[in-house]
>>> print(open('start.txt').read())   # compact mmCIF, C-alpha atoms
# COMPACT_ATOMS: atom_id res chain seq x y z
CA MET A 1 20.64 -23.17 8.48
CA ASN A 2 22.64 -24.40 5.52
CA GLU A 3 19.79 -26.73 4.57
CA SER A 4 17.23 -23.95 4.90
CA ARG A 5 15.51 -22.87 1.76
CA VAL A 6 16.17 -19.22 1.04
CA LEU A 7 14.43 -17.16 -1.61
CA ILE A 8 15.76 -13.87 -2.92
CA ILE A 9 12.93 -11.55 -3.93
CA ILE A 10 13.83 -8.82 -6.41
CA PRO A 11 11.07 -6.30 -7.07
CA CYS A 12 11.84 -4.14 -10.08
CA TYR A 13 10.26 -1.55 -12.33
CA ASN A 14 11.95 -0.40 -15.54
CA GLU A 15 15.35 -1.73 -14.47
CA GLN A 16 16.53 -3.04 -17.85
CA GLU A 17 19.96 -1.48 -17.34
CA SER A 18 20.70 -3.11 -14.00
CA ILE A 19 18.66 -6.30 -13.69
CA SER A 20 20.97 -8.54 -15.74
CA VAL A 21 24.05 -7.30 -13.88
CA LEU A 22 22.34 -7.97 -10.56
CA LEU A 23 21.21 -11.48 -11.49
CA GLU A 24 24.65 -12.37 -12.83
CA GLU A 25 26.18 -11.07 -9.60
CA ILE A 26 23.82 -13.33 -7.62
CA LEU A 27 24.98 -16.32 -9.69
CA ARG A 28 28.62 -15.31 -9.14
CA CYS A 29 28.13 -15.24 -5.36
CA GLN A 30 27.16 -18.94 -5.51
CA GLN A 31 25.15 -18.90 -2.33
CA GLY A 32 22.74 -21.51 -3.67
CA TYR A 33 19.64 -19.43 -2.96
CA LYS A 34 16.62 -19.45 -5.24
CA THR A 35 15.70 -16.16 -6.87
CA ILE A 36 12.40 -14.71 -8.00
CA VAL A 37 12.14 -11.44 -9.90
CA ILE A 38 8.88 -9.53 -9.61
CA ASP A 39 8.53 -7.23 -12.60
CA ASP A 40 6.12 -4.54 -11.46
CA GLY A 41 4.59 -3.91 -14.87
CA SER A 42 7.75 -2.50 -16.51
CA GLN A 43 7.40 -0.86 -19.91
CA ASP A 44 10.95 -1.62 -20.99
CA SER A 45 12.71 -4.94 -21.53
CA THR A 46 13.18 -5.73 -17.82
CA TYR A 47 10.90 -8.79 -17.96
CA ARG A 48 12.61 -10.29 -21.01
CA LYS A 49 16.09 -9.77 -19.57
CA ALA A 50 15.17 -11.06 -16.13
CA LYS A 51 13.40 -14.14 -17.48
CA GLN A 52 16.57 -15.27 -19.24
CA LEU A 53 18.40 -15.52 -15.92
CA ALA A 54 15.80 -16.24 -13.22
CA PRO A 55 12.14 -17.19 -12.66
CA THR A 56 10.16 -14.00 -13.15
CA VAL A 57 6.64 -12.97 -12.29
CA LYS A 58 5.25 -10.27 -14.54
CA LEU A 59 2.63 -8.22 -12.71
CA LEU A 60 -0.15 -7.42 -15.14
CA ARG A 61 -0.30 -3.85 -13.89
CA ASN A 62 2.01 -1.66 -11.83
CA LEU A 63 1.16 -2.25 -8.16
CA GLY A 64 3.96 -0.25 -6.58
CA ILE A 65 6.82 -1.58 -4.48
CA GLY A 66 4.55 -2.94 -1.71
CA GLY A 67 2.38 -4.95 -4.10
CA ALA A 68 5.46 -6.32 -5.89
CA VAL A 69 7.26 -7.36 -2.70
CA GLN A 70 4.11 -8.97 -1.31
CA THR A 71 3.75 -11.00 -4.51
CA GLY A 72 7.26 -12.37 -3.91
CA ILE A 73 6.45 -13.09 -0.26
CA LYS A 74 3.33 -14.99 -1.32
CA TYR A 75 5.47 -17.02 -3.69
CA ALA A 76 7.87 -17.81 -0.82
CA TYR A 77 5.00 -18.74 1.49
CA ARG A 78 3.30 -21.07 -0.97
CA ASN A 79 6.53 -22.76 -2.02
CA GLY A 80 7.59 -23.50 1.55
CA PHE A 81 10.70 -21.31 1.79
CA ASP A 82 12.16 -20.92 5.30
CA PHE A 83 13.56 -17.47 4.63
CA CYS A 84 13.18 -14.80 2.04
CA VAL A 85 15.45 -11.87 1.42
CA GLN A 86 14.26 -8.77 -0.36
CA ILE A 87 16.76 -6.82 -2.42
CA ASP A 88 16.12 -3.95 -4.82
CA GLY A 89 16.44 -4.43 -8.55
CA ASP A 90 18.36 -1.20 -9.08
CA GLY A 91 21.70 -2.67 -8.05
CA GLN A 92 22.09 -0.77 -4.77
CA HIS A 93 22.12 -3.95 -2.72
CA LEU A 94 25.12 -6.25 -3.04
CA PRO A 95 24.03 -9.91 -3.31
CA CYS A 96 27.18 -11.16 -1.56
CA GLU A 97 26.11 -9.19 1.52
CA LEU A 98 23.03 -11.38 1.96
CA SER A 99 25.03 -13.93 3.93
CA LYS A 100 25.52 -11.26 6.61
CA LEU A 101 21.79 -11.19 7.22
CA LEU A 102 21.66 -14.96 7.59
CA GLN A 103 24.72 -14.86 9.84
CA ALA A 104 22.98 -12.27 12.04
CA TYR A 105 19.92 -14.54 12.19
CA ARG A 106 22.12 -17.48 13.20
CA GLU A 107 23.65 -15.48 16.01
CA LYS A 108 20.39 -14.03 17.27
CA PRO A 109 17.19 -15.22 15.56
CA ARG A 110 14.74 -12.41 14.78
CA SER A 111 11.75 -12.57 12.47
CA ILE A 112 13.06 -9.66 10.42
CA ILE A 113 16.72 -8.73 9.94
CA ILE A 114 17.28 -5.40 8.24
CA GLY A 115 20.44 -4.78 6.22
CA SER A 116 21.54 -1.45 7.65
CA ARG A 117 23.64 1.11 5.80
CA TYR A 118 24.33 3.05 8.97
CA LEU A 119 25.05 0.41 11.63
CA HIS A 120 28.79 0.54 12.45
CA ASN A 121 29.31 2.48 9.24
CA ASP A 122 30.03 6.20 9.02
CA THR A 123 31.13 6.09 5.42
CA PHE A 124 27.78 5.66 3.68
CA HIS A 125 26.60 8.99 2.31
CA SER A 126 23.08 9.85 1.25
CA THR A 127 21.18 13.11 0.90
CA TRP A 128 20.48 15.28 3.91
CA ALA A 129 16.71 14.84 3.48
CA ARG A 130 17.01 11.04 3.36
CA ARG A 131 19.22 10.89 6.42
CA PHE A 132 16.92 13.20 8.35
CA GLY A 133 13.79 11.31 7.26
CA GLY A 134 15.32 7.94 8.10
CA ARG A 135 16.44 9.19 11.50
CA ALA A 136 13.03 10.67 12.31
CA ILE A 137 11.31 7.39 11.39
CA ALA A 138 13.83 5.34 13.40
CA GLU A 139 13.40 7.58 16.45
CA THR A 140 9.61 7.41 16.20
CA LEU A 141 9.69 3.63 15.90
CA SER A 142 11.96 3.23 18.91
CA LEU A 143 9.82 5.67 20.91
CA LEU A 144 6.56 3.88 20.15
CA PHE A 145 7.98 0.35 20.06
CA PRO A 146 10.81 0.29 22.63
CA LYS A 147 11.93 -3.17 21.49
CA CYS A 148 12.72 -1.78 18.03
CA LEU A 149 16.12 -0.12 18.00
CA VAL A 150 16.95 0.19 14.32
CA THR A 151 19.20 2.59 12.47
CA ASP A 152 17.90 2.05 8.94
CA PRO A 153 14.12 1.50 8.88
CA THR A 154 13.82 2.50 5.22
CA SER A 155 16.31 -0.11 3.97
CA GLY A 156 14.83 -2.33 1.29
CA MET A 157 17.29 -5.12 2.06
CA ARG A 158 15.83 -7.42 4.66
CA LEU A 159 15.55 -11.01 5.66
CA MET A 160 12.25 -12.52 6.83
CA ASP A 161 11.79 -15.84 8.53
CA ARG A 162 8.82 -18.18 8.07
CA LYS A 163 6.76 -16.37 10.72
CA ALA A 164 7.26 -12.99 9.03
CA ILE A 165 6.64 -14.54 5.61
CA GLY A 166 3.29 -15.92 6.83
CA PHE A 167 2.26 -12.56 8.26
CA PHE A 168 3.37 -10.41 5.31
CA ALA A 169 1.82 -12.80 2.78
CA LYS A 170 -1.52 -11.72 4.27
CA HIS A 171 -0.79 -8.15 5.30
CA TYR A 172 1.72 -5.88 3.65
CA PRO A 173 1.53 -2.11 3.27
CA HIS A 174 1.38 -0.91 -0.32
CA ASP A 175 2.66 2.64 0.05
CA PHE A 176 6.10 3.25 1.57
CA PRO A 177 6.13 -0.32 2.84
CA GLU A 178 9.54 -0.74 4.50
CA PRO A 179 9.08 1.33 7.69
CA ILE A 180 5.33 0.74 7.94
CA SER A 181 5.75 -3.02 7.65
CA LEU A 182 8.11 -2.84 10.64
CA ALA A 183 5.43 -1.15 12.74
CA TRP A 184 2.84 -3.73 11.66
CA ALA A 185 5.24 -6.59 12.43
CA LEU A 186 6.09 -5.18 15.86
CA ARG A 187 2.41 -4.80 16.67
CA GLU A 188 1.98 -8.47 15.82
CA GLY A 189 4.77 -9.37 18.23
CA LEU A 190 7.41 -10.19 15.59
CA SER A 191 10.99 -9.33 16.48
CA VAL A 192 13.24 -7.06 14.43
CA GLY A 193 17.03 -6.91 14.29
CA GLU A 194 19.73 -5.38 12.10
CA ALA A 195 22.97 -6.39 10.47
CA PRO A 196 25.51 -3.97 8.98
CA VAL A 197 25.83 -4.22 5.19
CA GLN A 198 27.58 -2.35 2.43
CA MET A 199 25.44 -0.80 -0.29
CA ASN A 200 26.17 0.75 -3.66
CA ALA A 201 24.89 3.97 -5.04
CA ARG A 202 22.05 3.39 -7.54
CA MET A 203 23.45 2.02 -10.85
CA HIS A 204 20.92 3.54 -13.24
CA GLY A 205 17.80 5.67 -13.19
CA ASN A 206 16.61 8.01 -10.46
CA SER A 207 14.88 7.51 -7.15
CA SER A 208 11.12 8.03 -7.25
CA ILE A 209 11.33 9.96 -3.96
CA ILE A 210 12.31 13.41 -5.21
CA GLY A 211 11.12 17.01 -4.90
CA LEU A 212 8.53 17.39 -2.15
CA LYS A 213 8.04 13.64 -1.97
CA PRO A 214 10.52 13.07 0.90
CA ILE A 215 8.38 15.32 3.13
CA ILE A 216 5.15 13.64 2.06
CA TYR A 217 6.85 10.26 2.48
CA MET A 218 7.95 11.07 6.01
CA LEU A 219 4.59 12.52 7.08
CA ARG A 220 2.65 9.55 5.71
CA VAL A 221 5.00 7.02 7.21
CA LEU A 222 4.99 8.74 10.62
CA GLY A 223 1.20 8.99 10.47
CA TYR A 224 0.85 5.28 9.77
CA ILE A 225 3.36 4.32 12.48
CA ILE A 226 1.62 6.49 15.09
CA LEU A 227 -1.79 5.08 14.10
CA THR A 228 -0.42 1.55 14.34
CA ARG A 229 0.67 2.26 17.91
CA LEU A 230 -2.41 4.25 18.96
CA ILE A 231 -4.89 1.70 17.63
CA PRO A 232 -3.29 -1.60 18.56
CA THR A 233 -5.85 -3.78 16.79
CA LYS A 234 -4.30 -6.90 15.36
CA LEU A 235 -4.94 -7.42 11.68
CA PRO A 236 -7.49 -10.16 10.81
CA MET B 1 -43.27 38.45 -0.43
CA PRO B 2 -43.24 34.77 0.68
CA ILE B 3 -39.86 33.12 1.24
CA ILE B 4 -40.52 30.63 -1.54
CA THR B 5 -43.06 31.21 -4.26
CA THR B 6 -45.17 28.56 -5.99
CA LYS B 7 -42.99 29.08 -9.06
CA THR B 8 -39.86 28.11 -7.08
CA ILE B 9 -41.57 25.01 -5.67
CA ILE B 10 -42.61 23.93 -9.16
CA ILE B 11 -39.08 24.41 -10.57
CA ILE B 12 -37.49 22.45 -7.70
CA ALA B 13 -40.14 19.74 -7.98
CA ILE B 14 -39.61 19.34 -11.74
CA PHE B 15 -35.84 18.99 -11.31
CA ALA B 16 -36.30 16.59 -8.40
CA ILE B 17 -38.80 14.39 -10.28
CA LEU B 18 -36.64 14.29 -13.43
CA TYR B 19 -33.60 13.37 -11.37
CA MET B 20 -35.49 10.68 -9.47
CA LEU B 21 -36.79 9.21 -12.71
CA PHE B 22 -33.25 9.19 -14.07
CA ILE B 23 -31.78 7.32 -11.07
CA ALA B 24 -34.80 4.98 -10.83
CA ARG B 25 -34.15 3.99 -14.45
CA LYS B 26 -30.46 3.43 -13.67
CA THR B 27 -31.43 1.26 -10.69
CA ALA B 28 -33.88 -0.76 -12.80
CA ARG B 29 -31.02 -1.40 -15.25
CA ARG B 30 -28.84 -2.45 -12.31
CA GLN B 31 -26.39 0.38 -12.88
CA LEU B 32 -27.08 1.56 -9.31
CA ASP B 33 -28.12 -0.42 -6.29
CA LEU B 34 -31.14 0.29 -4.13
CA TYR B 35 -29.02 1.94 -1.42
CA ASP B 36 -27.69 4.45 -3.97
CA LEU B 37 -31.26 5.15 -5.13
CA VAL B 38 -32.43 5.87 -1.58
CA MET B 39 -29.47 8.12 -0.71
CA LEU B 40 -29.54 10.04 -4.00
CA SER B 41 -33.32 10.37 -3.84
CA ALA B 42 -32.90 12.05 -0.48
CA VAL B 43 -30.90 14.77 -2.23
CA ALA B 44 -33.98 15.43 -4.38
CA ILE B 45 -36.63 14.87 -1.72
CA VAL B 46 -35.15 17.06 1.03
CA PRO B 47 -35.32 20.33 -0.99
CA ILE B 48 -38.88 19.48 -2.07
CA ILE B 49 -39.95 19.03 1.56
CA PHE B 50 -38.34 22.30 2.60
CA ALA B 51 -39.71 24.14 -0.42
CA THR B 52 -43.22 22.84 0.21
CA PHE B 53 -43.15 23.38 3.98
CA PRO B 54 -40.83 26.37 4.58
CA GLN B 55 -42.06 26.68 8.17
CA LEU B 56 -40.38 23.35 8.83
CA ALA B 57 -37.03 25.04 8.27
CA TYR B 58 -37.86 27.75 10.85
CA TRP B 59 -39.04 25.14 13.34
CA LEU B 60 -35.90 23.01 12.95
CA ALA B 61 -33.67 26.11 13.03
CA GLY B 62 -35.24 27.05 16.35
CA ILE B 63 -34.56 23.58 17.75
CA VAL B 64 -30.90 23.37 16.69
CA GLY B 65 -30.21 27.08 17.27
CA VAL B 66 -29.30 28.06 13.73
CA GLY B 67 -29.80 31.72 12.77
CA PHE B 68 -30.61 31.22 9.11
CA PRO B 69 -33.31 28.54 8.61
CA PHE B 70 -32.19 27.21 5.27
CA VAL B 71 -28.80 26.33 6.70
CA VAL B 72 -30.73 23.46 8.31
CA MET B 73 -31.69 22.16 4.87
CA PHE B 74 -28.12 22.35 3.61
CA GLY B 75 -26.94 20.74 6.84
CA ILE B 76 -29.26 17.78 6.30
CA LEU B 77 -28.17 17.49 2.67
CA PHE B 78 -24.53 17.65 3.73
CA ALA B 79 -25.07 14.89 6.31
CA ILE B 80 -26.76 12.64 3.74
CA LEU B 81 -24.02 13.23 1.17
CA PHE B 82 -21.31 12.76 3.79
CA ILE B 83 -22.69 9.35 4.75
CA PHE B 84 -22.90 8.47 1.06
CA VAL B 85 -19.33 9.61 0.30
CA HIS B 86 -18.01 7.86 3.40
CA ARG B 87 -19.56 4.61 2.27
CA LEU B 88 -18.19 5.07 -1.25
CA THR B 89 -14.68 5.73 0.09
CA VAL B 90 -14.74 2.52 2.12
CA LYS B 91 -16.08 0.64 -0.88
CA ILE B 92 -13.42 2.04 -3.24
CA HIS B 93 -10.66 1.08 -0.79
CA GLN B 94 -12.07 -2.43 -0.53
CA LEU B 95 -12.29 -2.73 -4.32
CA GLU B 96 -8.70 -1.47 -4.68
CA SER B 97 -7.53 -4.16 -2.25
CA ASP B 98 -9.52 -6.84 -4.07
CA ASN B 99 -8.17 -5.64 -7.41
CA ARG B 100 -4.58 -5.74 -6.13
CA LEU B 101 -5.10 -9.23 -4.72
CA LEU B 102 -6.56 -10.49 -7.98
CA LEU B 103 -3.68 -9.02 -10.00
CA GLN B 104 -1.15 -10.70 -7.70
CA GLU B 105 -2.94 -14.05 -7.91
CA LEU B 106 -3.29 -13.85 -11.69
CA SER B 107 0.38 -12.95 -12.12
CA LEU B 108 1.55 -15.80 -9.85
CA LEU B 109 -0.72 -18.23 -11.65
CA SER B 110 0.57 -17.05 -15.01
CA GLN B 111 4.18 -17.57 -13.82
CA ALA B 112 3.33 -21.08 -12.56
CA ILE B 113 1.77 -21.98 -15.92
CA ASP B 114 4.82 -20.63 -17.80
CA HIS B 115 7.11 -22.56 -15.46
CA ASN B 116 5.15 -25.80 -16.02
CA ASP B 117 5.17 -25.25 -19.80
CA ASP B 118 8.94 -24.69 -19.75
CA ALA B 119 9.48 -27.80 -17.59
CA GLY B 120 7.10 -30.07 -19.47
>>> encode(input="start.txt", output="structure tokens")
Amino acid sequence: MNESRVLIIIPCYNEQESISVLLEEILRCQQGYKTIVIDDGSQDSTYRKAKQLAPTVKLLRNLGIGGAVQTGIKYAYRNGFDFCVQIDGDGQHLPCELSKLLQAYREKPRSIIIGSRYLHNDTFHSTWARRFGGRAIAETLSLLFPKCLVTDPTSGMRLMDRKAIGFFAKHYPHDFPEPISLAWALREGLSVGEAPVQMNARMHGNSSIIGLKPIIYMLRVLGYIILTRLIPTKLP
Amino acid sequence: MPIITTKTIIIIAIFAILYMLFIARKTARRQLDLYDLVMLSAVAIVPIIFATFPQLAYWLAGIVGVGFPFVVMFGILFAILFIFVHRLTVKIHQLESDNRLLLQELSLLSQAIDHNDDAG
């Protein structure tokens, strides 16, 4: 595992306040992983700041989180990485926690290992709507895919092995991708596991899921997950 | 008084012919494809047929069990437009996917070129 090539994918959009801090933190952790920043068409100085510290892909137009993450996964696939780890560019995910995902993979290999805020952790606090939405999605996933017992399906911190990288390089949901990608992966027979991780509150900026969006988010995600189960056609 | 007078038929026919000329010209300039011409022409042709042969509406209404005959005409128009819109929706989704793919490929290529320039 130590010789495995690991790529950290950091999708970001207008994260000029937090991207440098995050990249410096990754360097401080000295895990020896490669990093790629995917700037999702930011209008601020995110690209310039990121490029000073890590290889950065500037998307020519904003594609949303799914399009940005998939670009990073394609990069990992084409450059022969064994694993890739997605972490958010807003500073919520602690780079030093990445080793926990790899440790979990070592103990029990799964194609996708999710960094869970809630597994063995009662101290992480988020909004009522987020907790409820996350729980509803997790329950639906475990009901429709009994092999998938996850506590944090909306976590954006996850490790993917070569099999998952190959699949997601071709097929990755563009809207609300984290939970939907789990359903797609499970339909394809990929395995999913979790590892407990610590997460920060967002450093700067606000979440894009505000107002009525959590409800719309949940309904769309549940709709996609149910469709994925009801119509079990494998993707081409 | 007849259901549709000659005056009505002439007005509908003029609008239909003008519209068909307009979309035929667009097709000749390759701004529309032949499928679009056929489907959009149907929107012009169907009212002309029903205006010219109003008894057709009564006959069809009797067959499908519709109380008001001209509902049949709007039903046919709706079906044609629905097929057209359905096809457009699929096409737009496909184009969105292609567009996204192209943007990703271009961005990755651009990064690779930058990386090579920096290295070399």
>>> closest_atom_pairs(input="start.txt", of="chain B", to="chain A", cutoff="6 Å", atoms="all atoms listed in the file", output="Markdown table")
| residue | atom | partner | partner_atom | distance |
| --- | --- | --- | --- | --- |
| B:Gln104 | CA | A:Thr71 | CA | 5.9 |
| B:Ser107 | CA | A:Leu59 | CA | 5.3 |
| B:Gln111 | CA | A:Val57 | CA | 5.4 |
>>> write_last_selection(input="start.txt", atoms="C-alpha atoms", output="PDB file, in the frame of the given file")
ATOM      1  CA  GLN B 104      -1.150 -10.700  -7.700  1.00  0.00           C
ATOM      2  CA  SER B 107       0.380 -12.950 -12.120  1.00  0.00           C
ATOM      3  CA  GLN B 111       4.180 -17.570 -13.820  1.00  0.00           C
TER       4      GLN B 111
END
>>> atom_distance(input="start.txt", atom1="CA of Ile113 (chain A)", atom2="CA of Val192 (chain A)")
5.9 Å
>>> atom_distance(input="start.txt", atom1="CA of Gly193 (chain A)", atom2="CA of Arg162 (chain A)")
15.3 Å
>>> axis_aligned_box(input="start.txt", around="region 40-53 of chain B", padding_each_side="5 Å", output="AutoDock Vina command-line options")
--center_x -36.4 --center_y 17.1 --center_z -0.2 --size_x 23.7 --size_y 24.1 --size_z 18.4
>>> residues_around(input="start.txt", residues="region 143-147 of chain A", least_positions_apart="4", cutoff="12 Å", atoms="all atoms listed in the file", output="list of chain:residue names")
A:Arg110, A:Ala136, A:Ile137, A:Ala138, A:Glu139, A:Leu182, A:Ala183, A:Trp184, A:Ala185, A:Leu186, A:Arg187, A:Glu188, A:Gly189, A:Leu190, A:Ser191, A:Val192, A:Gly193, A:Leu222, A:Tyr224, A:Ile225, A:Ile226, A:Leu227, A:Thr228, A:Arg229, A:Leu230, A:Ile231, A:Pro232
>>> closest_residue(input="start.txt", among="A:Arg130, A:Ile165, A:Glu17, A:Pro179", to="Ser142 (chain A)", atoms="only C-alpha atoms")
A:Pro179
>>> closest_residue(input="start.txt", among="A:Leu119, A:Ala50, A:Val197, A:Ile9", to="Ser99 (chain A)", atoms="all atoms listed in the file")
A:Val197
>>> closest_residue(input="start.txt", among="A:Leu141, A:Val69, A:Cys148, A:Gly134", to="His171 (chain A)", atoms="only C-alpha atoms")
A:Val69
>>> atom_distance(input="start.txt", atom1="CA of Arg117 (chain A)", atom2="CA of Arg158 (chain A)")
11.6 Å
>>> closest_residue(input="start.txt", among="A:Arg78, A:Ala169, A:Tyr33, A:Tyr13", to="Leu101 (chain B)", atoms="all atoms listed in the file")
A:Ala169
>>> residues_around(input="start.txt", residues="Ala79 (chain B)", least_positions_apart="5", cutoff="12 Å", atoms="all atoms listed in the file", output="JSON, numbers by chain")
{"B": [39, 42, 43, 46, 72, 73, 74, 84, 85, 86]}
>>> closest_residue(input="start.txt", among="A:Ile8, A:Ile112, A:Leu27, A:Leu22", to="Pro153 (chain A)", atoms="all atoms listed in the file")
A:Ile112
>>> residues_around(input="start.txt", residues="region 26-38 of chain B", least_positions_apart="3", cutoff="12 Å", atoms="only C-alpha atoms", output="number ranges by chain")
B: 19-23, 41-46, 80-81, 83-85, 87-88
>>> residues_near_point(input="start.txt", point="(17.0, -9.4, 12.0)", cutoff="10 Å", atoms="only C-alpha atoms", output="ChimeraX atom specification")
/A:101-115,150,158-161,191-195
>>> closest_residue(input="start.txt", among="A:Ile26, A:Ala54, A:Ile36, A:Ile10", to="Gly89 (chain A)", atoms="only C-alpha atoms")
A:Ile10
>>> residues_around(input="start.txt", residues="region 7-14 of chain B", least_positions_apart="2", cutoff="10 Å", atoms="only C-alpha atoms", output="PyMOL selection string")
chain B and resi 3-5+16-20+44-45+47-53
>>> residues_around(input="start.txt", residues="Arg5 (chain A)", least_positions_apart="4", cutoff="7 Å", atoms="only C-alpha atoms", output="list in words")
Phe81, Asp82 and Phe83 of chain A
>>> decode(input="start.txt", residues="region 64-81 of chain B", atoms="N, CA and C atoms", output="PDB file, in the first residue's frame")
ATOM      1  N   VAL B  64     -63.213   8.005 -31.636  1.00  0.00           N
ATOM      2  CA  VAL B  64     -62.493   8.011 -30.347  1.00  0.00           C
ATOM      3  C   VAL B  64     -63.390   8.375 -29.162  1.00  0.00           C
ATOM      4  N   GLY B  65     -64.644   8.735 -29.453  1.00  0.00           N
ATOM      5  CA  GLY B  65     -65.591   9.013 -28.369  1.00  0.00           C
ATOM      6  C   GLY B  65     -65.391  10.352 -27.701  1.00  0.00           C
ATOM      7  N   VAL B  66     -65.017  11.361 -28.497  1.00  0.00           N
ATOM      8  CA  VAL B  66     -64.838  12.706 -27.942  1.00  0.00           C
ATOM      9  C   VAL B  66     -66.095  13.521 -28.240  1.00  0.00           C
ATOM     10  N   GLY B  67     -66.585  14.267 -27.232  1.00  0.00           N
ATOM     11  CA  GLY B  67     -67.822  15.019 -27.398  1.00  0.00           C
ATOM     12  C   GLY B  67     -67.676  16.184 -28.362  1.00  0.00           C
ATOM     13  N   PHE B  68     -66.602  16.919 -28.244  1.00  0.00           N
ATOM     14  CA  PHE B  68     -66.424  18.115 -29.074  1.00  0.00           C
ATOM     15  C   PHE B  68     -65.421  17.808 -30.181  1.00  0.00           C
ATOM     16  N   PRO B  69     -65.851  17.816 -31.448  1.00  0.00           N
ATOM     17  CA  PRO B  69     -65.009  17.312 -32.550  1.00  0.00           C
ATOM     18  C   PRO B  69     -63.637  17.963 -32.667  1.00  0.00           C
ATOM     19  N   PHE B  70     -63.562  19.265 -32.398  1.00  0.00           N
ATOM     20  CA  PHE B  70     -62.265  19.901 -32.659  1.00  0.00           C
ATOM     21  C   PHE B  70     -61.217  19.599 -31.587  1.00  0.00           C
ATOM     22  N   VAL B  71     -61.674  18.952 -30.515  1.00  0.00           N
ATOM     23  CA  VAL B  71     -60.710  18.452 -29.528  1.00  0.00           C
ATOM     24  C   VAL B  71     -59.789  17.427 -30.212  1.00  0.00           C
ATOM     25  N   VAL B  72     -60.356  16.701 -31.181  1.00  0.00           N
ATOM     26  CA  VAL B  72     -59.562  15.702 -31.915  1.00  0.00           C
ATOM     27  C   VAL B  72     -58.389  16.392 -32.611  1.00  0.00           C
ATOM     28  N   MET B  73     -58.689  17.535 -33.250  1.00  0.00           N
ATOM     29  CA  MET B  73     -57.622  18.253 -33.952  1.00  0.00           C
ATOM     30  C   MET B  73     -56.527  18.692 -32.973  1.00  0.00           C
ATOM     31  N   PHE B  74     -56.970  19.276 -31.841  1.00  0.00           N
ATOM     32  CA  PHE B  74     -55.960  19.712 -30.867  1.00  0.00           C
ATOM     33  C   PHE B  74     -55.207  18.521 -30.268  1.00  0.00           C
ATOM     34  N   GLY B  75     -55.918  17.403 -30.134  1.00  0.00           N
ATOM     35  CA  GLY B  75     -55.272  16.187 -29.633  1.00  0.00           C
ATOM     36  C   GLY B  75     -54.171  15.738 -30.575  1.00  0.00           C
ATOM     37  N   ILE B  76     -54.466  15.753 -31.879  1.00  0.00           N
ATOM     38  CA  ILE B  76     -53.446  15.336 -32.859  1.00  0.00           C
ATOM     39  C   ILE B  76     -52.268  16.303 -32.842  1.00  0.00           C
ATOM     40  N   LEU B  77     -52.588  17.606 -32.784  1.00  0.00           N
ATOM     41  CA  LEU B  77     -51.510  18.605 -32.717  1.00  0.00           C
ATOM     42  C   LEU B  77     -50.658  18.416 -31.466  1.00  0.00           C
ATOM     43  N   PHE B  78     -51.333  18.149 -30.356  1.00  0.00           N
ATOM     44  CA  PHE B  78     -50.610  17.932 -29.094  1.00  0.00           C
ATOM     45  C   PHE B  78     -49.681  16.727 -29.218  1.00  0.00           C
ATOM     46  N   ALA B  79     -50.192  15.650 -29.821  1.00  0.00           N
ATOM     47  CA  ALA B  79     -49.370  14.436 -29.959  1.00  0.00           C
ATOM     48  C   ALA B  79     -48.129  14.713 -30.812  1.00  0.00           C
ATOM     49  N   ILE B  80     -48.344  15.453 -31.926  1.00  0.00           N
ATOM     50  CA  ILE B  80     -47.201  15.761 -32.798  1.00  0.00           C
ATOM     51  C   ILE B  80     -46.172  16.602 -32.041  1.00  0.00           C
ATOM     52  N   LEU B  81     -46.667  17.634 -31.353  1.00  0.00           N
ATOM     53  CA  LEU B  81     -45.745  18.517 -30.622  1.00  0.00           C
ATOM     54  C   LEU B  81     -45.067  17.788 -29.471  1.00  0.00           C
TER      55      LEU B  81
END
